[in-house]
$ cat work_39.txt   # compact mmCIF, C-alpha atoms
# COMPACT_ATOMS: atom_id res chain seq x y z
CA MET A 1 126.24 -55.49 123.97
CA ASN A 2 124.72 -56.51 120.68
CA ARG A 3 121.44 -54.86 121.62
CA ARG A 4 123.20 -51.58 122.35
CA ARG A 5 125.11 -51.75 119.06
CA LYS A 6 121.82 -52.39 117.24
CA ILE A 7 120.19 -49.35 118.87
CA VAL A 8 123.13 -47.12 117.93
CA SER A 9 123.07 -48.45 114.38
CA GLU A 10 119.37 -47.67 114.03
CA SER A 11 119.95 -44.17 115.45
CA GLU A 12 122.74 -43.54 112.96
CA SER A 13 120.57 -44.77 110.09
CA LEU A 14 117.74 -42.43 111.15
CA SER A 15 120.14 -39.53 111.39
CA ILE A 16 121.55 -40.24 107.93
CA TRP A 17 118.04 -40.48 106.44
CA THR A 18 117.00 -37.21 108.06
CA ALA A 19 120.09 -35.49 106.68
CA TYR A 20 119.38 -36.97 103.25
CA THR A 21 115.77 -35.75 103.22
CA ASP A 22 116.87 -32.30 104.38
CA LEU A 23 119.42 -32.21 101.57
CA MET A 24 116.82 -33.24 98.99
CA SER A 25 114.37 -30.70 100.32
CA ASN A 26 116.93 -27.92 100.07
CA ALA A 27 117.92 -29.03 96.59
CA PHE A 28 114.28 -29.01 95.53
CA MET A 29 113.85 -25.48 96.87
CA VAL A 30 116.95 -24.30 95.02
CA ILE A 31 115.79 -25.89 91.77
CA THR A 32 112.32 -24.38 92.21
CA LEU A 33 113.85 -20.94 92.79
CA LEU A 34 116.00 -21.25 89.67
CA LEU A 35 112.97 -22.26 87.61
CA LEU A 36 111.03 -19.27 88.89
CA LEU A 37 113.90 -16.96 87.93
CA VAL A 38 114.03 -18.46 84.44
CA VAL A 39 110.27 -18.10 84.01
CA ALA A 40 110.38 -14.52 85.31
CA LYS A 41 113.14 -13.70 82.81
CA TYR A 42 111.56 -15.15 79.70
CA LEU A 43 107.83 -14.75 80.34
CA PRO A 44 107.68 -11.02 79.48
CA SER A 45 109.31 -11.56 76.07
CA THR A 46 107.05 -14.53 75.40
CA GLN A 47 104.03 -12.48 76.38
CA LYS A 48 105.33 -9.67 74.21
CA ASP A 49 105.57 -12.01 71.23
CA LYS A 50 101.99 -13.11 71.81
CA ASN A 51 100.80 -9.52 72.00
CA LYS A 52 102.66 -8.08 69.03
CA THR A 53 99.36 -6.95 67.57
CA ASN A 54 98.92 -4.63 70.57
CA GLU A 55 101.98 -2.60 69.61
CA LEU A 56 102.20 0.25 67.13
CA PRO A 57 103.88 0.40 63.73
CA ASN A 58 107.41 1.73 64.06
CA ASN A 59 107.43 4.24 61.25
CA SER A 60 105.15 6.58 59.44
CA THR A 61 104.23 5.85 55.82
CA GLU A 62 105.12 8.19 52.96
CA LEU A 63 103.29 7.81 49.65
CA THR A 64 104.86 9.89 46.89
CA GLU A 65 103.72 10.73 43.41
CA ALA A 66 107.05 9.32 42.24
CA GLN A 67 105.78 5.94 43.46
CA GLY A 68 102.54 6.36 41.54
CA TYR A 69 100.38 7.51 44.47
CA THR A 70 99.01 10.49 42.61
CA PHE A 71 96.30 13.12 42.81
CA GLU A 72 94.73 14.96 39.94
CA SER A 73 96.97 17.95 39.24
CA GLY A 74 96.15 20.88 41.52
CA LYS A 75 93.27 18.97 43.12
CA ALA A 76 92.55 16.51 45.92
CA THR A 77 91.08 13.70 43.84
CA LEU A 78 92.71 10.39 44.83
CA GLY A 79 94.27 8.30 42.09
CA GLY A 80 93.33 4.63 41.82
CA LYS A 81 96.63 3.28 43.20
CA LEU A 82 96.46 5.55 46.24
CA LYS A 83 92.85 4.64 46.94
CA SER A 84 93.65 0.92 46.68
CA TYR A 85 96.56 1.30 49.08
CA LEU A 86 94.38 3.00 51.67
CA ARG A 87 91.81 0.20 51.44
CA ASP A 88 94.34 -2.66 51.41
CA ASP A 89 93.71 -5.10 54.28
CA LYS A 90 95.64 -8.05 52.76
CA ASN A 91 99.25 -6.81 52.68
CA GLU A 92 101.30 -5.78 55.70
CA SER A 93 102.13 -2.41 54.14
CA GLY A 94 98.47 -1.58 53.48
CA VAL A 95 96.90 1.12 55.60
CA LEU A 96 93.74 -0.77 56.53
CA PHE A 97 95.84 -3.87 57.33
CA LYS A 98 97.89 -1.85 59.83
CA ILE A 99 94.81 -0.31 61.40
CA GLN A 100 93.27 -3.75 61.95
CA LYS A 101 96.52 -5.41 63.09
CA TYR A 102 97.42 -2.83 65.74
CA PRO A 103 94.39 -2.29 67.98
CA LYS A 104 96.28 0.25 70.10
CA ILE A 105 96.08 2.71 67.23
CA ASN A 106 93.46 5.31 68.03
CA VAL A 107 94.80 8.35 66.19
CA ILE A 108 95.67 8.57 62.50
CA GLU A 109 97.51 11.70 61.43
CA VAL A 110 97.69 12.59 57.75
CA ILE A 111 100.10 15.26 56.51
CA GLY A 112 99.94 16.66 53.01
CA HIS A 113 103.24 17.72 51.39
CA THR A 114 103.82 19.54 48.11
CA ASP A 115 106.72 20.84 46.03
CA TYR A 116 107.69 24.42 45.16
CA VAL A 117 105.60 24.84 41.99
CA PRO A 118 102.88 27.46 42.60
CA VAL A 119 99.29 26.39 42.17
CA ALA A 120 96.84 28.22 39.89
CA THR A 121 94.94 30.55 42.20
CA GLY A 122 92.71 32.55 39.86
CA GLN A 123 89.64 30.35 40.19
CA CYS A 124 89.66 30.74 43.97
CA TYR A 125 88.78 34.40 43.71
CA GLN A 126 85.89 34.22 41.28
CA GLY A 127 82.39 35.27 42.20
CA ASN A 128 81.33 31.80 43.32
CA SER A 129 84.33 31.37 45.62
CA LYS A 130 85.48 28.00 46.94
CA HIS A 131 88.25 29.52 49.04
CA LEU A 132 89.23 27.43 52.09
CA ASP A 133 88.71 30.30 54.53
CA GLN A 134 85.04 30.46 53.56
CA ARG A 135 84.15 26.82 52.97
CA LEU A 136 86.59 24.55 54.79
CA GLU A 137 84.57 23.62 57.87
CA PRO A 138 81.16 23.22 56.16
CA VAL A 139 82.68 20.94 53.50
CA VAL A 140 84.78 18.83 55.84
CA THR A 141 81.93 18.20 58.26
CA ASN A 142 79.55 17.15 55.49
CA PRO A 143 80.56 13.72 54.08
CA LYS A 144 78.34 14.29 51.04
CA LYS A 145 80.49 17.20 49.87
CA ASP A 146 83.52 16.36 47.74
CA ILE A 147 86.80 17.84 48.99
CA SER A 148 88.26 18.37 45.53
CA THR A 149 85.27 20.02 43.86
CA GLU A 150 83.93 21.99 46.82
CA LEU A 151 87.25 23.54 47.85
CA CYS A 152 89.86 25.51 45.94
CA ALA A 153 93.55 25.65 46.79
CA SER A 154 95.03 29.14 46.63
CA SER A 155 98.49 27.92 47.73
CA ASN A 156 100.55 24.79 48.16
CA THR A 157 99.69 24.86 51.85
CA ASP A 158 96.00 24.77 50.97
CA LEU A 159 96.60 21.95 48.52
CA GLY A 160 98.49 19.88 51.10
CA LEU A 161 95.64 20.23 53.57
CA MET A 162 92.98 19.37 50.98
CA ARG A 163 94.81 16.19 50.02
CA ALA A 164 95.27 15.18 53.65
CA LEU A 165 91.53 15.69 54.14
CA ALA A 166 90.74 13.62 51.04
CA VAL A 167 92.82 10.73 52.42
CA ILE A 168 91.04 10.97 55.76
CA ARG A 169 87.65 11.03 54.02
CA GLU A 170 88.58 7.77 52.26
CA LEU A 171 89.82 6.16 55.49
CA GLN A 172 86.61 7.15 57.24
CA LYS A 173 84.66 5.35 54.53
CA VAL A 174 86.59 2.09 54.89
CA THR A 175 86.59 2.07 58.70
CA GLY A 176 83.13 3.50 59.32
CA ASN A 177 81.24 0.20 59.05
CA ASP A 178 83.53 -1.68 61.45
CA PRO A 179 82.35 -1.31 65.09
CA SER A 180 85.84 -2.21 66.34
CA LEU A 181 87.25 0.88 64.60
CA LYS A 182 84.70 3.42 65.83
CA HIS A 183 87.26 4.72 68.33
CA LEU A 184 89.58 6.06 65.63
CA GLN A 185 90.36 9.78 65.54
CA PHE A 186 91.68 11.53 62.45
CA ARG A 187 93.86 14.63 62.22
CA ALA A 188 94.75 16.49 59.02
CA TYR A 189 97.78 18.74 58.60
CA SER A 190 99.62 20.48 55.80
CA ALA A 191 103.38 21.01 55.59
CA GLY A 192 103.15 22.60 52.16
CA GLN A 193 106.57 22.51 50.49
CA LEU A 194 108.56 23.01 53.71
CA LEU A 195 109.59 19.47 54.70
CA LEU A 196 111.74 17.20 52.55
CA PRO A 197 110.93 13.49 52.10
CA ASN A 198 112.34 10.76 54.35
CA ASN A 199 112.89 13.09 57.30
CA LYS A 200 115.68 14.97 55.51
CA GLY A 201 114.83 18.18 57.25
CA PHE A 202 113.44 21.63 56.62
CA ALA A 203 113.44 22.66 52.98
CA SER A 204 114.87 25.95 51.81
CA PRO A 205 113.61 27.18 48.42
CA PRO A 206 115.72 25.66 45.61
CA LEU A 207 118.05 28.20 44.00
CA ASN A 208 117.94 26.46 40.62
CA ARG A 209 114.53 25.11 39.71
CA LYS A 210 115.42 22.93 36.77
CA SER A 211 111.97 21.44 36.33
CA GLN A 212 108.83 23.45 35.72
CA THR A 213 106.79 20.40 36.75
CA GLY A 214 108.40 20.16 40.18
CA ASP A 215 109.63 17.18 42.16
CA PRO A 216 107.16 14.26 42.38
CA SER A 217 108.99 12.79 45.40
CA ARG A 218 108.07 15.90 47.39
CA ARG A 219 104.41 15.69 46.40
CA ARG A 220 103.37 13.12 48.93
CA ILE A 221 101.07 12.03 51.71
CA GLU A 222 102.49 11.06 55.09
CA ILE A 223 100.42 8.82 57.39
CA ARG A 224 101.28 8.39 61.05
CA PHE A 225 99.72 5.82 63.36
CA THR A 226 99.70 6.77 67.04
CA LYS A 227 97.60 6.81 70.17
CA ASN A 228 96.46 9.25 72.81
CA GLN A 229 98.36 8.94 76.06

$ encode --input "work_39.txt" --output "structure tokens"
Amino acid sequence: MNRRRKIVSESESLSIWTAYTDLMSNAFMVITLLLLLVVAKYLPSTQKDKNKTNELPNNSTELTEAQGYTFESGKATLGGKLKSYLRDDKNESGVLFKIQKYPKINVIEVIGHTDYVPVATGQCYQGNSKHLDQRLEPVVTNPKKDISTELCASSNTDLGLMRALAVIRELQKVTGNDPSLKHLQFRAYSAGQLLLPNNKGFASPPLNRKSQTGDPSRRRIEIRFTKNQ
């Protein structure tokens, strides 16, 4: 009788142990699954934080004459503050800093904007013409030729394009010696006086032009950082 009771007791103990190990195994599997779900949820954001430098800047950059980013009047000669900003690789707002920080950038678009004040056009029609229609491509494709002295703006649209090209010429200088930036493409555009600053829309000609010197906030360069799809 005692022997039989001992056998039953051992059988019950084995059964309880088996049930216990099964329970622990299932619990381990559940915990493992929960951990995997947590990792799957948070890993992308963690990876995203690590790869912030692979993203693109959120906004374009506008540099106005009201901020001191000037050109010589009627020309495309960069002022010292504007040139320094384009070459700045120390501050987060600097153009070269952004180019180096965001390696996904492969296209830099530069748009020249002006105000409503007409430019002096007489010199563009002299015997030794520097009119854009005649000289634009030869000057732009020759880095030894100066944009401001070799070209003449006969309109605000011309002037906007010349200034955009002058900015690109400067950016090409500062990126040209860096092998990691050889992939960059540059595009120059002119909006003339048609677009208002800060994305405020299409500009209609002012009815009352109070200032003969124009609006320095509209005389600006816009730089956009993007990439080919």

$ closest_residue --input "work_39.txt" --among "A:Leu195, A:Ile111, A:Val139, A:Leu36" --to "Gly160 in chain A" --atoms "all atoms listed in the file"
A:Ile111

$ atom_distance --input "work_39.txt" --atom1 "CA of Gly94 in chain A" --atom2 "CA of Leu151 in chain A"
28.1 Å

$ atom_distance --input "work_39.txt" --atom1 "CA of Ala153 in chain A" --atom2 "CA of Gln134 in chain A"
11.9 Å

$ closest_residue --input "work_39.txt" --among "A:Asp115, A:Glu222, A:Glu72, A:Glu65" --to "Ser155 in chain A" --atoms "all atoms listed in the file"
A:Asp115

$ atom_distance --input "work_39.txt" --atom1 "CA of Leu78 in chain A" --atom2 "CA of Ala66 in chain A"
14.6 Å

$ axis_aligned_box --input "work_39.txt" --around "range 109-112 of chain A" --padding-each-side "5 Å" --output "lines of an AutoDock Vina configuration file"
center_x = 98.8
center_y = 14.2
center_z = 57.2
size_x = 12.6
size_y = 15.0
size_z = 18.4

$ closest_residue --input "work_39.txt" --among "A:Asn106, A:Asn199, A:Asn156, A:Val140" --to "Gln185 in chain A" --atoms "only C-alpha atoms"
A:Asn106

$ closest_residue --input "work_39.txt" --among "A:Asp215, A:Asp146, A:Asp89, A:Glu109" --to "Ile168 in chain A" --atoms "all atoms listed in the file"
A:Glu109

$ closest_residue --input "work_39.txt" --among "A:Cys152, A:Ile147, A:Met24, A:Leu184" --to "Ser129 in chain A" --atoms "only C-alpha atoms"
A:Cys152
